[in-house]
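Structure data follow from coords_35.pdb (PDB, C-alpha atoms):
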ATOM      1  CA  TYR Y   1      -7.795  -1.015  -7.546
ATOM      2  CA  LEU Y   2      -4.346  -2.187  -6.387
ATOM      3  CA  TYR Y   3      -3.366   1.424  -5.695
ATOM      4  CA  MET Y   4      -6.689   2.800  -4.465
ATOM      5  CA  ALA Y   5      -6.675   4.408  -1.046
ATOM      6  CA  PRO Y   6      -9.120   2.967   1.492
ATOM      7  CA  GLU Y   7     -11.264   6.109   1.424
ATOM      8  CA  GLN Y   8     -11.681   5.738  -2.345
ATOM      9  CA  ILE Y   9     -12.789   2.121  -1.946
ATOM     10  CA  LYS Y  10     -15.311   3.207   0.690
ATOM     11  CA  ARG Y  11     -16.474   6.034  -1.613
ATOM     12  CA  GLN Y  12     -15.598   8.640   0.995
ATOM     13  CA  PRO Y  13     -14.249  12.113   0.224
ATOM     14  CA  VAL Y  14     -10.630  12.210  -0.851
ATOM     15  CA  SER Y  15      -7.974  14.446   0.692
ATOM     16  CA  PRO Y  16      -4.242  15.097   0.384
ATOM     17  CA  ALA Y  17      -3.765  11.875   2.385
ATOM     18  CA  THR Y  18      -5.234  10.012  -0.606
ATOM     19  CA  ASP Y  19      -2.350  11.267  -2.732
ATOM     20  CA  LEU Y  20       0.175  10.246  -0.067
ATOM     21  CA  TYR Y  21      -1.291   6.746  -0.126
ATOM     22  CA  GLY Y  22      -0.835   6.630  -3.901
ATOM     23  CA  VAL Y  23       2.770   7.830  -3.675
ATOM     24  CA  GLY Y  24       3.490   5.245  -0.969
ATOM     25  CA  ALA Y  25       1.926   2.450  -3.022
ATOM     26  CA  LEU Y  26       3.878   3.457  -6.118
ATOM     27  CA  LEU Y  27       7.187   3.673  -4.238
ATOM     28  CA  PHE Y  28       6.477   0.302  -2.630
ATOM     29  CA  LYS Y  29       6.054  -1.256  -6.082
ATOM     30  CA  MET Y  30       9.118   0.489  -7.499
ATOM     31  CA  ILE Y  31      11.306  -0.901  -4.721
ATOM     32  CA  SER Y  32       9.764  -4.337  -4.181
ATOM     33  CA  GLY Y  33       8.591  -5.147  -7.694
ATOM     34  CA  SER Y  34       4.997  -5.761  -6.603
ATOM     35  CA  PRO Y  35       2.124  -3.662  -5.276
ATOM     36  CA  PRO Y  36       1.745  -3.414  -1.487
ATOM     37  CA  TYR Y  37      -1.319  -5.652  -1.526
ATOM     38  CA  THR Y  38      -1.368  -8.671  -3.818
ATOM     39  CA  PRO Y  39      -4.575 -10.445  -2.847
ATOM     40  CA  THR Y  40      -6.208 -13.321  -4.637
ATOM     41  CA  GLY Y  41      -9.865 -14.212  -4.872
ATOM     42  CA  ALA Y  42     -13.028 -12.283  -5.545
ATOM     43  CA  ASP Y  43     -12.556  -9.496  -3.008
ATOM     44  CA  LYS Y  44      -9.234  -8.155  -4.308
ATOM     45  CA  MET Y  45     -10.442  -4.586  -4.089
ATOM     46  CA  PHE Y  46     -10.979  -4.820  -0.339
ATOM     47  CA  ALA Y  47      -7.518  -6.109   0.606
ATOM     48  CA  GLN Y  48      -6.403  -2.614   1.646
ATOM     49  CA  LEU Y  49      -9.246  -2.564   4.172
ATOM     50  CA  GLU Y  50      -8.659  -6.013   5.659
ATOM     51  CA  MET Y  51      -4.995  -6.927   5.352
ATOM     52  CA  PRO Y  52      -2.250  -5.565   7.622
ATOM     53  CA  ILE Y  53      -0.028  -2.845   6.201
ATOM     54  CA  PRO Y  54       2.925  -4.543   4.485
ATOM     55  CA  THR Y  55       6.521  -3.546   5.121
ATOM     56  CA  LEU Y  56       9.323  -3.554   2.601
ATOM     57  CA  SER Y  57      11.783  -5.208   4.971
ATOM     58  CA  VAL Y  58       9.469  -8.232   5.201
ATOM     59  CA  ARG Y  59       8.501  -8.273   1.504
ATOM     60  CA  VAL Y  60      12.073  -8.004   0.207
ATOM     61  CA  PRO Y  61      14.350  -9.219   3.009
ATOM     62  CA  HIS Y  62      17.287  -9.599   0.597
ATOM     63  CA  LEU Y  63      17.460  -5.796   0.186
ATOM     64  CA  SER Y  64      18.913  -3.571   2.877
ATOM     65  CA  ILE Y  65      15.823  -1.494   3.649
ATOM     66  CA  SER Y  66      16.380   1.218   6.223
ATOM     67  CA  SER Y  67      13.943   1.436   9.088
ATOM     68  CA  SER Y  68      13.302   5.068   8.089
ATOM     69  CA  LEU Y  69      12.108   4.026   4.633
ATOM     70  CA  ASP Y  70      10.005   1.222   6.124
ATOM     71  CA  GLN Y  71       8.390   3.696   8.525
ATOM     72  CA  LEU Y  72       7.798   6.274   5.804
ATOM     73  CA  LEU Y  73       5.994   3.837   3.521
ATOM     74  CA  THR Y  74       4.022   2.389   6.424
ATOM     75  CA  ARG Y  75       2.803   5.901   7.280
ATOM     76  CA  CYS Y  76       1.884   6.573   3.647
ATOM     77  CA  LEU Y  77      -0.121   3.336   3.473
ATOM     78  CA  ALA Y  78      -1.820   3.828   6.853
TER      79      ALA Y  78
END
Using structure tokens, write down the structure that the file contains.
Amino acid sequence: YLYMAPEQIKRQPVSPATDLYGVGALLFKMISGSPPYTPTGADKMFAQLEMPIPTLSVRVPHLSISSSLDQLLTRCLA
């Protein structure tokens, strides 16, 4: 569920955008060391629907993340 696109959580039809979400989530974890959404509590599955889209530059400020990479992953996770 940590890598599920919002449309999958809502049980809506999937599209190529679903795959882009998955690629963005995987790249986010590869670079930051944690999934884009790391919620706690009972409604973990719905974090992608309720939480703001995370950015790498905020999650890992000690790395030099280019604004282009930040924008790319934000678009993938949108």
Task: Resolved residues for the PyMOL selection byres ((chain Y and resi 59-68) around 10) as a VMD selection string - done: chain Y and resid 28 31 to 34 36 54 to 58 69 to 74
Could you tell me, as a compact mmCIF listing (two decimals) with C-alpha atoms, in the frame of the given file, exactly which residues end up selected when the PyMOL selection byres ((chain Y and resi 1-16) around 12) is applied to this structure?
# COMPACT_ATOMS: atom_id res chain seq x y z
CA ALA Y 17 -3.76 11.88 2.38
CA THR Y 18 -5.23 10.01 -0.61
CA ASP Y 19 -2.35 11.27 -2.73
CA LEU Y 20 0.18 10.25 -0.07
CA TYR Y 21 -1.29 6.75 -0.13
CA GLY Y 22 -0.84 6.63 -3.90
CA VAL Y 23 2.77 7.83 -3.68
CA GLY Y 24 3.49 5.24 -0.97
CA ALA Y 25 1.93 2.45 -3.02
CA LEU Y 26 3.88 3.46 -6.12
CA LEU Y 27 7.19 3.67 -4.24
CA PHE Y 28 6.48 0.30 -2.63
CA LYS Y 29 6.05 -1.26 -6.08
CA SER Y 34 5.00 -5.76 -6.60
CA PRO Y 35 2.12 -3.66 -5.28
CA PRO Y 36 1.74 -3.41 -1.49
CA TYR Y 37 -1.32 -5.65 -1.53
CA THR Y 38 -1.37 -8.67 -3.82
CA PRO Y 39 -4.58 -10.44 -2.85
CA THR Y 40 -6.21 -13.32 -4.64
CA ASP Y 43 -12.56 -9.50 -3.01
CA LYS Y 44 -9.23 -8.15 -4.31
CA MET Y 45 -10.44 -4.59 -4.09
CA PHE Y 46 -10.98 -4.82 -0.34
CA ALA Y 47 -7.52 -6.11 0.61
CA GLN Y 48 -6.40 -2.61 1.65
CA LEU Y 49 -9.25 -2.56 4.17
CA GLU Y 50 -8.66 -6.01 5.66
CA MET Y 51 -5.00 -6.93 5.35
CA ILE Y 53 -0.03 -2.84 6.20
CA CYS Y 76 1.88 6.57 3.65
CA LEU Y 77 -0.12 3.34 3.47
CA ALA Y 78 -1.82 3.83 6.85
Please write out, as lines of an AutoDock Vina configuration file, where the centre of an axis-aligned box around all listed atoms of segment 34-49 of chain Y lies and how long its edges are, in Å to one decimal, after adding 8 Å on each side.
center_x = -4.0
center_y = -8.4
center_z = -1.2
size_x = 34.0
size_y = 27.6
size_z = 26.8
Fix up segment 50-61 of chain Y with all heavy atoms, then write it as an mmCIF file, in the frame of the given file.
data_model
loop_
_atom_site.group_PDB
_atom_site.id
_atom_site.type_symbol
_atom_site.label_atom_id
_atom_site.label_comp_id
_atom_site.auth_asym_id
_atom_site.auth_seq_id
_atom_site.Cartn_x
_atom_site.Cartn_y
_atom_site.Cartn_z
ATOM 1 N N GLU Y 50 -8.675 -4.859 4.778
ATOM 2 C CA GLU Y 50 -8.659 -6.013 5.659
ATOM 3 C C GLU Y 50 -7.269 -6.533 6.014
ATOM 4 O O GLU Y 50 -7.076 -7.099 7.078
ATOM 5 C CB GLU Y 50 -9.465 -7.146 5.020
ATOM 6 C CG GLU Y 50 -10.919 -6.764 4.801
ATOM 7 C CD GLU Y 50 -11.664 -7.767 3.947
ATOM 8 O OE1 GLU Y 50 -11.062 -8.763 3.504
ATOM 9 O OE2 GLU Y 50 -12.866 -7.547 3.723
ATOM 10 N N MET Y 51 -6.324 -6.368 5.123
ATOM 11 C CA MET Y 51 -4.995 -6.927 5.352
ATOM 12 C C MET Y 51 -4.131 -5.948 6.145
ATOM 13 O O MET Y 51 -4.309 -4.735 6.054
ATOM 14 C CB MET Y 51 -4.324 -7.239 4.011
ATOM 15 C CG MET Y 51 -5.036 -8.319 3.211
ATOM 16 S SD MET Y 51 -4.319 -8.586 1.569
ATOM 17 C CE MET Y 51 -2.810 -9.416 2.007
ATOM 18 N N PRO Y 52 -3.169 -6.464 6.919
ATOM 19 C CA PRO Y 52 -2.250 -5.565 7.622
ATOM 20 C C PRO Y 52 -1.368 -4.804 6.631
ATOM 21 O O PRO Y 52 -1.136 -5.266 5.511
ATOM 22 C CB PRO Y 52 -1.415 -6.502 8.492
ATOM 23 C CG PRO Y 52 -1.640 -7.860 7.973
ATOM 24 C CD PRO Y 52 -2.901 -7.861 7.179
ATOM 25 N N ILE Y 53 -0.890 -3.658 7.056
ATOM 26 C CA ILE Y 53 -0.028 -2.845 6.201
ATOM 27 C C ILE Y 53 1.291 -3.590 6.001
ATOM 28 O O ILE Y 53 1.957 -3.964 6.968
ATOM 29 C CB ILE Y 53 0.225 -1.461 6.833
ATOM 30 C CG1 ILE Y 53 -1.091 -0.703 6.985
ATOM 31 C CG2 ILE Y 53 1.212 -0.660 5.996
ATOM 32 C CD1 ILE Y 53 -0.980 0.562 7.794
ATOM 33 N N PRO Y 54 1.677 -3.823 4.739
ATOM 34 C CA PRO Y 54 2.925 -4.543 4.485
ATOM 35 C C PRO Y 54 4.147 -3.661 4.717
ATOM 36 O O PRO Y 54 4.058 -2.434 4.656
ATOM 37 C CB PRO Y 54 2.801 -4.924 3.013
ATOM 38 C CG PRO Y 54 1.954 -3.845 2.434
ATOM 39 C CD PRO Y 54 0.991 -3.454 3.519
ATOM 40 N N THR Y 55 5.259 -4.281 4.988
ATOM 41 C CA THR Y 55 6.521 -3.546 5.121
ATOM 42 C C THR Y 55 7.513 -4.069 4.098
ATOM 43 O O THR Y 55 7.521 -5.255 3.768
ATOM 44 C CB THR Y 55 7.115 -3.685 6.531
ATOM 45 O OG1 THR Y 55 7.281 -5.070 6.820
ATOM 46 C CG2 THR Y 55 6.224 -3.052 7.584
ATOM 47 N N LEU Y 56 8.323 -3.171 3.595
ATOM 48 C CA LEU Y 56 9.323 -3.554 2.601
ATOM 49 C C LEU Y 56 10.325 -4.547 3.163
ATOM 50 O O LEU Y 56 10.722 -5.479 2.485
ATOM 51 C CB LEU Y 56 10.071 -2.317 2.111
ATOM 52 C CG LEU Y 56 9.404 -1.493 1.036
ATOM 53 C CD1 LEU Y 56 10.208 -0.234 0.776
ATOM 54 C CD2 LEU Y 56 9.241 -2.277 -0.240
ATOM 55 N N SER Y 57 10.752 -4.338 4.397
ATOM 56 C CA SER Y 57 11.783 -5.208 4.971
ATOM 57 C C SER Y 57 11.317 -6.655 5.058
ATOM 58 O O SER Y 57 12.127 -7.580 4.981
ATOM 59 C CB SER Y 57 12.205 -4.701 6.348
ATOM 60 O OG SER Y 57 11.085 -4.618 7.210
ATOM 61 N N VAL Y 58 10.011 -6.870 5.191
ATOM 62 C CA VAL Y 58 9.469 -8.232 5.201
ATOM 63 C C VAL Y 58 9.272 -8.733 3.777
ATOM 64 O O VAL Y 58 9.574 -9.883 3.459
ATOM 65 C CB VAL Y 58 8.140 -8.276 5.992
ATOM 66 C CG1 VAL Y 58 7.460 -9.622 5.842
ATOM 67 C CG2 VAL Y 58 8.391 -7.961 7.454
ATOM 68 N N ARG Y 59 8.791 -7.866 2.889
ATOM 69 C CA ARG Y 59 8.501 -8.273 1.504
ATOM 70 C C ARG Y 59 9.779 -8.597 0.736
ATOM 71 O O ARG Y 59 9.805 -9.538 -0.051
ATOM 72 C CB ARG Y 59 7.733 -7.158 0.805
ATOM 73 C CG ARG Y 59 7.325 -7.424 -0.628
ATOM 74 C CD ARG Y 59 6.231 -8.472 -0.803
ATOM 75 N NE ARG Y 59 4.997 -8.110 -0.173
ATOM 76 C CZ ARG Y 59 4.032 -7.388 -0.733
ATOM 77 N NH1 ARG Y 59 4.159 -6.944 -1.949
ATOM 78 N NH2 ARG Y 59 2.929 -7.127 -0.064
ATOM 79 N N VAL Y 60 10.818 -7.787 0.938
ATOM 80 C CA VAL Y 60 12.073 -8.004 0.207
ATOM 81 C C VAL Y 60 13.237 -8.056 1.198
ATOM 82 O O VAL Y 60 14.063 -7.146 1.262
ATOM 83 C CB VAL Y 60 12.296 -6.923 -0.879
ATOM 84 C CG1 VAL Y 60 11.400 -7.141 -2.065
ATOM 85 C CG2 VAL Y 60 12.097 -5.526 -0.325
ATOM 86 N N PRO Y 61 13.321 -9.137 1.964
ATOM 87 C CA PRO Y 61 14.350 -9.219 3.009
ATOM 88 C C PRO Y 61 15.776 -9.234 2.458
ATOM 89 O O PRO Y 61 16.715 -8.908 3.189
ATOM 90 C CB PRO Y 61 14.021 -10.524 3.735
ATOM 91 C CG PRO Y 61 13.219 -11.318 2.773
ATOM 92 C CD PRO Y 61 12.500 -10.335 1.904
#
